[in-house]
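Engineer: Dumping the structure here so I can ask a few things about it.
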Amino acid sequence: ASRFEGVTMAPPDPILGVSEAFKADTDPKKLNLGVGAYRTEELQPKVLDVVKKAENLMLERGENKEYLPIEGLAAFNKATAELLLGADNPILQQGRVATIQGLSGTGSLRLAGAFIERYFPGAKVLISSPTWGNHKNIFNDSRVPWSEYRYYDPKTVGLDFDGMIADIKAAPEGTFVLLHGCAHNPTGIDPTPEQWEKIADVIQEKNHIPFFDVAYQGFASGSLDQDASSVRLFAARGMEVFVAQSYSKNLGLYAERVGAINVICSSSDVATRVKSQLKRIARPMYSNPPVHGARIVANVVGDPTLFNEWKVEMEAMAGRIKGVRQKLYDSLSAKDKSGKDWSFILKQIGMFSFTGLNKAQSDNMTDKWHIYMTKDGRISLAGLSLAKCEYLADAIIDSYY
Ligand SMILES: Cc1ncc(COP(=O)(O)O)c(CN[C@@](C)(CC(=O)O)C(=O)O)c1O
């Protein structure tokens, strides 16, 4: 008998497990609207042209494979903080940001979770209801307690803003409030600029610590600056802020695992100490991060021509998704005689649409129509083509009623 008798079978991941089921499906009509990974109109993965150009540059230079420092590639850390806050942000000149290159968004969130567990014993993280499924795993495994603030209102298929504010206000002073910088996952519903001001007010009033997860900067609206406006608003108020970043979606570096954790601190002295302790946590966790993707980001951002080309490609990706949103809305509106209002599909932003389909209805989408989606009713429009919108609309209407 094995020594591992006690090890039971883990359930498939609610998001990544959907891709596994999709791969196993042999039906030619199958459609993967599960994982938030960008596909072209031909439903193929996309390596951005600027990424290929940056890699060719790197190959010509023949760079070495020496270990990076624990905190990552310096040129990347500089570029990522400037992208987030704006290169001319006085916070950067004052040296008040501790930036550590992390293993993409997930690894950066995890590093922050370990830091919170170590330096804020008893503190809790407040996460949106619903939120990205892996947030709960990350804080559970970091041994940081969490609870939820109201976010999605099924009645209005919109933001339950009053509920959100009330729950943040009711949390014990010094709670970490996890906020999606833009393109909320899974709802695709973002606060308005006025609502962000009020969210910042209540967080300041309660002396909470804002913790942004920025996984879609530039990918949501097509503008890097617009998508960072919520974070910059909080930073401009002089708050100390955690911000996790990811280049999986906006630069298509999914499997390169490129991201960062930024801690905006009240002084450069504090930032220096915070950075030193984040390094101390990273060293026994993975020692130092992978160099390839970080060099790609540094090269793209560091070269004005490549940087501008990246912005054009990002706008094109965001634009393609807006195009399928419109086509899906038109198809549903044309086919659905019930008069249901499907306009939430147009109002939502980013790569997801929260359809309101329940688990049984989502199962029907898969079992009968071979359309793969997460069981919370989320569909990734990044995996949808214009050509497939009619088919998807038929499946949604068949499953809804
Ligand atoms: C809000 C949010 N934060 C962090 C991440 C982490 O991404 P990274 O580790 O690759 O940087 C994701 C990715 N969420 C995806 C796109 C993929 C996933 O589940 O990992 C999703 O389908 O929701 C995300 O949606």
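Just so we're on the same page: first chain in the structure tokens is A, next is B, and so on; residues restart at 1 for each chain, and ligands are numbered from 1 in the order they show up.
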When DSSP works through the backbone of this structure, what residues of segment 224-368 of chain A end up as strand (DSSP E), shown as number ranges by chain?
Structural biologist: A: 241-246, 258-264, 352-354
Engineer: Output the neighbourhood of ligand 1 as a PyMOL selection string, that is, all protein and nucleic acid residues with some atom at most 9 Å from the ligand, counting only C-alpha atoms and all ligand atoms.
Structural biologist: chain A and resi 13-16+34-38+103-109+131-135+180-186+213-216+244-249+253-259+351-352+374+380
Engineer: Write out as an NGL selection string the set of residues from segment 214-367 of chain A that DSSP, computed on the backbone, places in helix (DSSP H, G or I).
Structural biologist: :A and (224-227 or 229-236 or 254-256 or 268-285 or 291-302 or 304-335 or 344-347 or 359-367)
Engineer: List the spatial neighbours of Asp25 of chain A as JSON, numbers by chain - criterion: any atom at most 12 Å away, only C-alpha atoms, same-chain residues fewer than 2 positions off excluded.
Structural biologist: {"A": [18, 19, 20, 21, 22, 23, 27, 28, 29, 30, 31, 32, 366, 367, 369, 370, 371, 372]}
Engineer: Excluding same-chain residues fewer than 3 positions from Glu197 of chain A, what lies within 12 Å of it counting only C-alpha atoms, as a ChimeraX atom specification?
Structural biologist: /A:165,191-194,200-204,229-237
Engineer: Using only C-alpha atoms, which residue out of A:Gly383, A:Pro45, A:Pro290, A:Gly72 lies closest to Gln101 of chain A?
Structural biologist: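 Of all the options, A:Gly72 lies closest to Gln101 of chain A.
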Engineer: Contacts of Tyr149 of chain A at 8 Å or less, counting only C-alpha atoms, minus same-chain residues fewer than 3 places along, as a list of chain:residue names?
Structural biologist: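 After dropping sequence-adjacent residues, the list is A:Leu126, A:Ile127, A:Ser128, A:Ser129, A:Gly163, A:Met164, A:Asp167, A:Ile168.
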Engineer: Those selected residues, please, written with C-alpha atoms and delivered as a compact mmCIF listing (two decimals), in the first residue's frame.
Structural biologist:
# COMPACT_ATOMS: atom_id res chain seq x y z
CA LEU A 126 -12.58 41.88 1.95
CA ILE A 127 -13.22 40.51 -1.55
CA SER A 128 -16.04 41.27 -3.97
CA SER A 129 -19.03 38.95 -4.32
CA GLY A 163 -24.25 47.34 -0.56
CA MET A 164 -20.56 47.58 -1.43
CA ASP A 167 -20.03 46.35 3.72
CA ILE A 168 -16.72 48.21 3.41
Engineer: Residues within 12 Å of Asn299 of chain A, please, as a JSON list (two decimals) with N, CA and C atoms, in the first residue's frame. Count only C-alpha atoms; anything in the same chain fewer than 6 positions from it doesn't count.
Structural biologist:
[["chain", "number", "residue", "atom", "x", "y", "z"],
["A", 50, "VAL", "N", 4.56, 42.88, -31.31],
["A", 50, "VAL", "CA", 5.63, 43.56, -30.55],
["A", 50, "VAL", "C", 6.41, 42.56, -29.70],
["A", 51, "VAL", "N", 5.72, 41.49, -29.28],
["A", 51, "VAL", "CA", 6.43, 40.47, -28.48],
["A", 51, "VAL", "C", 7.45, 39.76, -29.36],
["A", 52, "LYS", "N", 7.03, 39.44, -30.59],
["A", 52, "LYS", "CA", 7.97, 38.76, -31.51],
["A", 52, "LYS", "C", 9.15, 39.67, -31.83],
["A", 53, "LYS", "N", 8.86, 40.97, -32.02],
["A", 53, "LYS", "CA", 9.95, 41.91, -32.34],
["A", 53, "LYS", "C", 10.91, 42.03, -31.16],
["A", 54, "ALA", "N", 10.35, 42.10, -29.95],
["A", 54, "ALA", "CA", 11.21, 42.23, -28.76],
["A", 54, "ALA", "C", 12.05, 40.97, -28.61],
["A", 55, "GLU", "N", 11.45, 39.81, -28.87],
["A", 55, "GLU", "CA", 12.21, 38.55, -28.72],
["A", 55, "GLU", "C", 13.33, 38.47, -29.76],
["A", 56, "ASN", "N", 13.05, 38.95, -30.97],
["A", 56, "ASN", "CA", 14.12, 38.93, -31.99],
["A", 56, "ASN", "C", 15.28, 39.82, -31.54],
["A", 57, "LEU", "N", 14.94, 41.01, -30.99],
["A", 57, "LEU", "CA", 15.97, 41.92, -30.46],
["A", 57, "LEU", "C", 16.80, 41.21, -29.40],
["A", 58, "MET", "N", 16.11, 40.51, -28.52],
["A", 58, "MET", "CA", 16.79, 39.85, -27.40],
["A", 58, "MET", "C", 17.69, 38.73, -27.91],
["A", 61, "ARG", "N", 20.85, 40.13, -29.29],
["A", 61, "ARG", "CA", 21.77, 40.60, -28.24],
["A", 61, "ARG", "C", 22.44, 39.43, -27.53],
["A", 73, "LEU", "N", 13.91, 41.71, -12.43],
["A", 73, "LEU", "CA", 14.68, 42.50, -13.39],
["A", 73, "LEU", "C", 14.44, 43.99, -13.13],
["A", 75, "ALA", "N", 14.99, 46.70, -14.81],
["A", 75, "ALA", "CA", 14.36, 47.47, -15.91],
["A", 75, "ALA", "C", 12.86, 47.17, -15.98],
["A", 76, "PHE", "N", 12.49, 45.93, -15.66],
["A", 76, "PHE", "CA", 11.07, 45.58, -15.65],
["A", 76, "PHE", "C", 10.36, 46.28, -14.48],
["A", 78, "LYS", "N", 11.08, 48.96, -12.95],
["A", 78, "LYS", "CA", 10.94, 50.41, -13.23],
["A", 78, "LYS", "C", 9.79, 50.63, -14.20],
["A", 79, "ALA", "N", 9.79, 49.83, -15.29],
["A", 79, "ALA", "CA", 8.77, 50.01, -16.34],
["A", 79, "ALA", "C", 7.37, 49.71, -15.81],
["A", 80, "THR", "N", 7.25, 48.67, -14.99],
["A", 80, "THR", "CA", 5.91, 48.26, -14.55],
["A", 80, "THR", "C", 5.31, 49.28, -13.59],
["A", 292, "HIS", "N", 12.69, 35.84, -18.96],
["A", 292, "HIS", "CA", 12.34, 36.07, -20.37],
["A", 292, "HIS", "C", 11.21, 37.09, -20.53],
["A", 293, "GLY", "N", 10.11, 36.82, -19.86],
["A", 293, "GLY", "CA", 8.95, 37.71, -20.02],
["A", 293, "GLY", "C", 9.23, 39.11, -19.51],
["A", 305, "THR", "N", 8.97, 53.11, -30.24],
["A", 305, "THR", "CA", 8.27, 52.54, -31.40],
["A", 305, "THR", "C", 7.49, 51.30, -31.00],
["A", 306, "LEU", "N", 8.16, 50.41, -30.24],
["A", 306, "LEU", "CA", 7.48, 49.18, -29.81],
["A", 306, "LEU", "C", 6.34, 49.52, -28.86],
["A", 307, "PHE", "N", 6.57, 50.50, -27.98],
["A", 307, "PHE", "CA", 5.53, 50.88, -27.00],
["A", 307, "PHE", "C", 4.29, 51.37, -27.74],
["A", 310, "TRP", "N", 2.55, 48.48, -29.34],
["A", 310, "TRP", "CA", 1.82, 47.69, -28.34],
["A", 310, "TRP", "C", 0.45, 48.31, -28.08]]
Engineer: Using only C-alpha atoms, which residue out of A:Ile281, A:Leu43, A:Val7, A:Leu179 lies closest to Lys388 of chain A?
Structural biologist: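 Nearest candidate to Lys388 of chain A out of A:Ile281, A:Leu43, A:Val7, A:Leu179: A:Leu43.
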Engineer: Which one is closest to Leu85 of chain A: A:Ala114, A:Ala171, A:Leu178, A:Ala228? Count only C-alpha atoms.
Structural biologist: A:Ala228
Engineer: Considering only C-alpha atoms, return as a PyMOL selection string whatever protein or nucleic-acid residues lie within 12 Å of segment 264-269 of chain A, sequence-local ones (same chain, fewer than 3 positions apart) excluded.
Structural biologist: chain A and resi 81+84-85+89-100+209-212+231-232+234-244+261+272-276
Engineer: Between A:Met373, A:Glu42, A:Glu71, A:Gly17, single out the one closest to Asn288 of chain A, counting only C-alpha atoms.
Structural biologist: A:Glu71
Engineer: Could you work out how far atom CA of Leu392 of chain A lies from atom CA of Asp363 of chain A, giving the answer in Å with one decimal?
Structural biologist: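 Computing it gives 14.0 Å between the two atoms.
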